Amino acid sequence: MTPQPASASLERPSGPGALFVAFTLLALQGFGGVLPLAQRELVERRRWLSREDFLELLSVGQVLPGPNVVNLSLMVGDRFFGWRGAAASLAGMLGAPLLIVLLLAVVYAQAAHHPAVAGALRGMGAVSAGLIVAMGLKLLPALGRNPMGLGAALAVSALTLLAVGAWRWSMVSVVGVLGPLAVLWAWWRIGPAQLRRSE
(Lines give C-alpha, C1' and ligand atoms only; values in the text may rest on other atoms or scores of the structure.)
Protein backbone atom coordinates (compact mmCIF):
# COMPACT_ATOMS: atom_id res chain seq x y z
CA MET A 1 0.00 0.00 0.00
CA THR A 2 1.09 3.57 -0.58
CA PRO A 3 2.06 5.37 2.60
CA GLN A 4 -0.47 7.81 3.97
CA PRO A 5 0.50 11.47 4.09
CA ALA A 6 0.69 12.82 7.61
CA SER A 7 -1.87 15.50 6.80
CA ALA A 8 -4.49 12.94 5.76
CA SER A 9 -5.41 12.20 9.43
CA LEU A 10 -7.13 8.97 8.47
CA GLU A 11 -9.23 7.11 11.01
CA ARG A 12 -9.18 3.42 11.89
CA PRO A 13 -12.26 1.24 12.50
CA SER A 14 -12.68 0.38 16.17
CA GLY A 15 -12.90 -3.36 15.47
CA PRO A 16 -14.29 -6.04 13.17
CA GLY A 17 -17.79 -5.17 14.42
CA ALA A 18 -17.43 -1.64 13.02
CA LEU A 19 -16.46 -3.14 9.67
CA PHE A 20 -19.49 -5.44 9.76
CA VAL A 21 -21.87 -2.55 10.50
CA ALA A 22 -20.29 -0.27 7.88
CA PHE A 23 -20.44 -2.86 5.11
CA THR A 24 -23.97 -3.96 6.09
CA LEU A 25 -25.16 -0.35 5.82
CA LEU A 26 -23.33 0.00 2.50
CA ALA A 27 -24.89 -3.15 1.13
CA LEU A 28 -28.38 -2.05 2.18
CA GLN A 29 -27.98 1.28 0.37
CA GLY A 30 -26.51 -0.14 -2.80
CA PHE A 31 -29.41 -1.07 -5.04
CA GLY A 32 -27.82 -1.37 -8.47
CA GLY A 33 -24.26 -0.82 -7.32
CA VAL A 34 -22.36 -0.20 -4.11
CA LEU A 35 -19.02 1.11 -5.44
CA PRO A 36 -19.96 4.80 -5.60
CA LEU A 37 -21.40 4.59 -2.10
CA ALA A 38 -18.33 2.69 -0.88
CA GLN A 39 -16.08 5.48 -2.11
CA ARG A 40 -18.15 8.11 -0.32
CA GLU A 41 -18.47 6.07 2.88
CA LEU A 42 -14.90 4.73 3.19
CA VAL A 43 -13.00 7.76 1.87
CA GLU A 44 -15.12 10.83 2.58
CA ARG A 45 -17.33 9.96 5.54
CA ARG A 46 -15.46 7.44 7.68
CA ARG A 47 -11.98 8.42 6.39
CA TRP A 48 -10.65 4.88 6.66
CA LEU A 49 -8.94 5.14 3.26
CA SER A 50 -7.40 7.90 1.18
CA ARG A 51 -8.59 8.34 -2.40
CA GLU A 52 -5.33 6.81 -3.61
CA ASP A 53 -5.73 3.77 -1.35
CA PHE A 54 -9.33 3.31 -2.47
CA LEU A 55 -8.24 3.41 -6.13
CA GLU A 56 -5.46 0.94 -5.45
CA LEU A 57 -7.74 -1.55 -3.69
CA LEU A 58 -10.45 -1.10 -6.32
CA SER A 59 -7.93 -1.74 -9.11
CA VAL A 60 -6.81 -4.97 -7.50
CA GLY A 61 -10.43 -5.97 -6.83
CA GLN A 62 -11.35 -5.46 -10.47
CA VAL A 63 -8.74 -7.87 -11.82
CA LEU A 64 -9.53 -10.60 -9.28
CA PRO A 65 -12.40 -13.01 -9.92
CA GLY A 66 -15.68 -12.13 -8.26
CA PRO A 67 -17.65 -8.94 -7.70
CA ASN A 68 -15.46 -5.84 -7.33
CA VAL A 69 -17.12 -4.60 -4.15
CA VAL A 70 -16.87 -8.01 -2.47
CA ASN A 71 -13.16 -8.13 -3.26
CA LEU A 72 -12.84 -4.56 -1.98
CA SER A 73 -14.60 -5.40 1.28
CA LEU A 74 -12.30 -8.37 1.85
CA MET A 75 -9.19 -6.28 1.25
CA VAL A 76 -10.36 -3.43 3.48
CA GLY A 77 -11.20 -5.85 6.30
CA ASP A 78 -7.89 -7.67 5.92
CA ARG A 79 -5.99 -4.40 5.90
CA PHE A 80 -7.24 -3.41 9.35
CA PHE A 81 -7.83 -6.69 11.23
CA GLY A 82 -6.48 -9.55 9.12
CA TRP A 83 -8.74 -12.56 8.53
CA ARG A 84 -11.20 -11.44 11.26
CA GLY A 85 -11.70 -8.11 9.54
CA ALA A 86 -12.03 -9.77 6.14
CA ALA A 87 -14.67 -12.16 7.48
CA ALA A 88 -16.60 -9.36 9.21
CA SER A 89 -16.53 -7.16 6.09
CA LEU A 90 -17.63 -10.04 3.86
CA ALA A 91 -20.45 -11.03 6.22
CA GLY A 92 -21.64 -7.43 6.32
CA MET A 93 -21.50 -7.07 2.55
CA LEU A 94 -23.35 -10.33 1.77
CA GLY A 95 -25.56 -11.23 4.75
CA ALA A 96 -28.50 -8.81 4.59
CA PRO A 97 -28.52 -8.54 0.76
CA LEU A 98 -28.74 -12.32 0.48
CA LEU A 99 -31.92 -12.35 2.54
CA ILE A 100 -33.37 -9.40 0.60
CA VAL A 101 -32.57 -10.92 -2.79
CA LEU A 102 -34.19 -14.23 -1.83
CA LEU A 103 -37.32 -12.36 -0.73
CA LEU A 104 -37.36 -10.19 -3.88
CA ALA A 105 -36.89 -13.25 -6.09
CA VAL A 106 -40.11 -14.71 -4.68
CA VAL A 107 -41.94 -11.39 -5.21
CA TYR A 108 -40.48 -10.90 -8.72
CA ALA A 109 -41.62 -14.34 -9.78
CA GLN A 110 -45.18 -13.18 -9.07
CA ALA A 111 -44.90 -9.66 -10.61
CA ALA A 112 -42.37 -9.99 -13.46
CA HIS A 113 -45.02 -9.65 -16.17
CA HIS A 114 -46.22 -6.27 -14.89
CA PRO A 115 -45.02 -3.31 -17.08
CA ALA A 116 -44.38 -1.11 -14.03
CA VAL A 117 -41.83 -3.62 -12.70
CA ALA A 118 -39.92 -3.65 -16.01
CA GLY A 119 -39.94 0.16 -16.09
CA ALA A 120 -38.68 0.40 -12.52
CA LEU A 121 -35.78 -1.93 -13.31
CA ARG A 122 -34.81 0.16 -16.37
CA GLY A 123 -34.90 3.30 -14.23
CA MET A 124 -32.67 1.74 -11.59
CA GLY A 125 -30.15 0.82 -14.30
CA ALA A 126 -29.93 4.46 -15.40
CA VAL A 127 -29.43 5.64 -11.82
CA SER A 128 -26.67 3.05 -11.30
CA ALA A 129 -24.83 4.23 -14.41
CA GLY A 130 -25.04 7.83 -13.19
CA LEU A 131 -23.64 6.88 -9.77
CA ILE A 132 -20.67 5.12 -11.37
CA VAL A 133 -19.90 8.12 -13.60
CA ALA A 134 -20.11 10.44 -10.56
CA MET A 135 -17.70 8.22 -8.60
CA GLY A 136 -15.25 8.24 -11.51
CA LEU A 137 -15.34 12.04 -11.68
CA LYS A 138 -14.74 12.33 -7.91
CA LEU A 139 -11.72 10.02 -8.12
CA LEU A 140 -10.26 11.74 -11.21
CA PRO A 141 -7.98 14.11 -9.22
CA ALA A 142 -6.23 11.12 -7.65
CA LEU A 143 -4.97 10.08 -11.11
CA GLY A 144 -2.60 13.06 -11.01
CA ARG A 145 -0.56 11.25 -8.35
CA ASN A 146 -0.62 7.94 -10.22
CA PRO A 147 2.90 6.66 -11.06
CA MET A 148 1.86 6.34 -14.72
CA GLY A 149 1.26 10.09 -14.95
CA LEU A 150 -2.04 11.83 -15.60
CA GLY A 151 -1.80 11.71 -19.41
CA ALA A 152 -1.08 7.98 -19.57
CA ALA A 153 -3.77 7.17 -16.98
CA LEU A 154 -6.36 9.15 -18.95
CA ALA A 155 -5.23 7.49 -22.21
CA VAL A 156 -5.62 4.00 -20.72
CA SER A 157 -9.04 5.00 -19.33
CA ALA A 158 -10.14 6.28 -22.75
CA LEU A 159 -8.86 3.14 -24.50
CA THR A 160 -10.71 0.97 -21.97
CA LEU A 161 -13.92 2.90 -22.56
CA LEU A 162 -13.53 2.55 -26.33
CA ALA A 163 -12.62 -1.14 -26.12
CA VAL A 164 -15.65 -2.02 -23.99
CA GLY A 165 -18.21 0.50 -25.27
CA ALA A 166 -17.41 0.94 -28.97
CA TRP A 167 -15.33 -2.04 -30.03
CA ARG A 168 -17.26 -4.54 -27.84
CA TRP A 169 -14.18 -6.31 -26.50
CA SER A 170 -14.77 -8.83 -23.76
CA MET A 171 -13.51 -7.92 -20.29
CA VAL A 172 -10.90 -10.69 -20.54
CA SER A 173 -9.55 -9.12 -23.73
CA VAL A 174 -9.45 -5.64 -22.21
CA VAL A 175 -7.61 -6.83 -19.11
CA GLY A 176 -5.36 -9.13 -21.15
CA VAL A 177 -4.29 -6.40 -23.62
CA LEU A 178 -4.51 -3.06 -21.83
CA GLY A 179 -3.60 -4.39 -18.37
CA PRO A 180 -0.07 -5.54 -19.27
CA LEU A 181 0.54 -2.34 -21.28
CA ALA A 182 -0.43 -0.19 -18.30
CA VAL A 183 1.68 -2.29 -15.92
CA LEU A 184 4.72 -2.05 -18.21
CA TRP A 185 4.30 1.71 -18.55
CA ALA A 186 4.03 2.15 -14.76
CA TRP A 187 7.04 -0.12 -14.22
CA TRP A 188 9.06 1.89 -16.73
CA ARG A 189 8.08 5.16 -15.00
CA ILE A 190 8.75 3.86 -11.48
CA GLY A 191 11.91 1.91 -12.32
CA PRO A 192 14.43 4.77 -12.75
CA ALA A 193 13.27 6.53 -9.56
CA GLN A 194 13.57 3.30 -7.58
CA LEU A 195 17.06 2.70 -8.93
CA ARG A 196 18.17 6.21 -7.96
CA ARG A 197 16.88 5.72 -4.42
CA SER A 198 18.70 2.39 -4.04
CA GLU A 199 22.08 3.84 -5.07
# chains A, B, ... in the order shown; residues from 1 in each chain; ligands from 1
call {"tool": "select_by_dssp", "arguments": {"residues": "stretch 8-196 of chain A", "states": "helix (DSSP H, G or I)", "output": "PyMOL selection string"}}
result
chain A and resi 8+16-29+35-45+51-63+68-111+115-145+150-166+171-196
call {"tool": "residues_around", "arguments": {"residues": "A:Asp78", "least_positions_apart": "3", "cutoff": "12 Å", "atoms": "only C-alpha atoms", "output": "list in words"}}
result
Pro13, Gly15, Pro16, Leu19, Leu57, Asn71, Leu72, Ser73, Leu74, Met75, Phe81, Gly82, Trp83, Arg84, Gly85, Ala86, Ala87, Ala88, Ser89 and Leu90 of chain A
call {"tool": "residues_around", "arguments": {"residues": "A:Leu37", "least_positions_apart": "6", "cutoff": "12 Å", "atoms": "only C-alpha atoms", "output": "number ranges by chain"}}
result
A: 22-23, 25-31, 43-46, 69, 128, 131-132, 134-136, 138
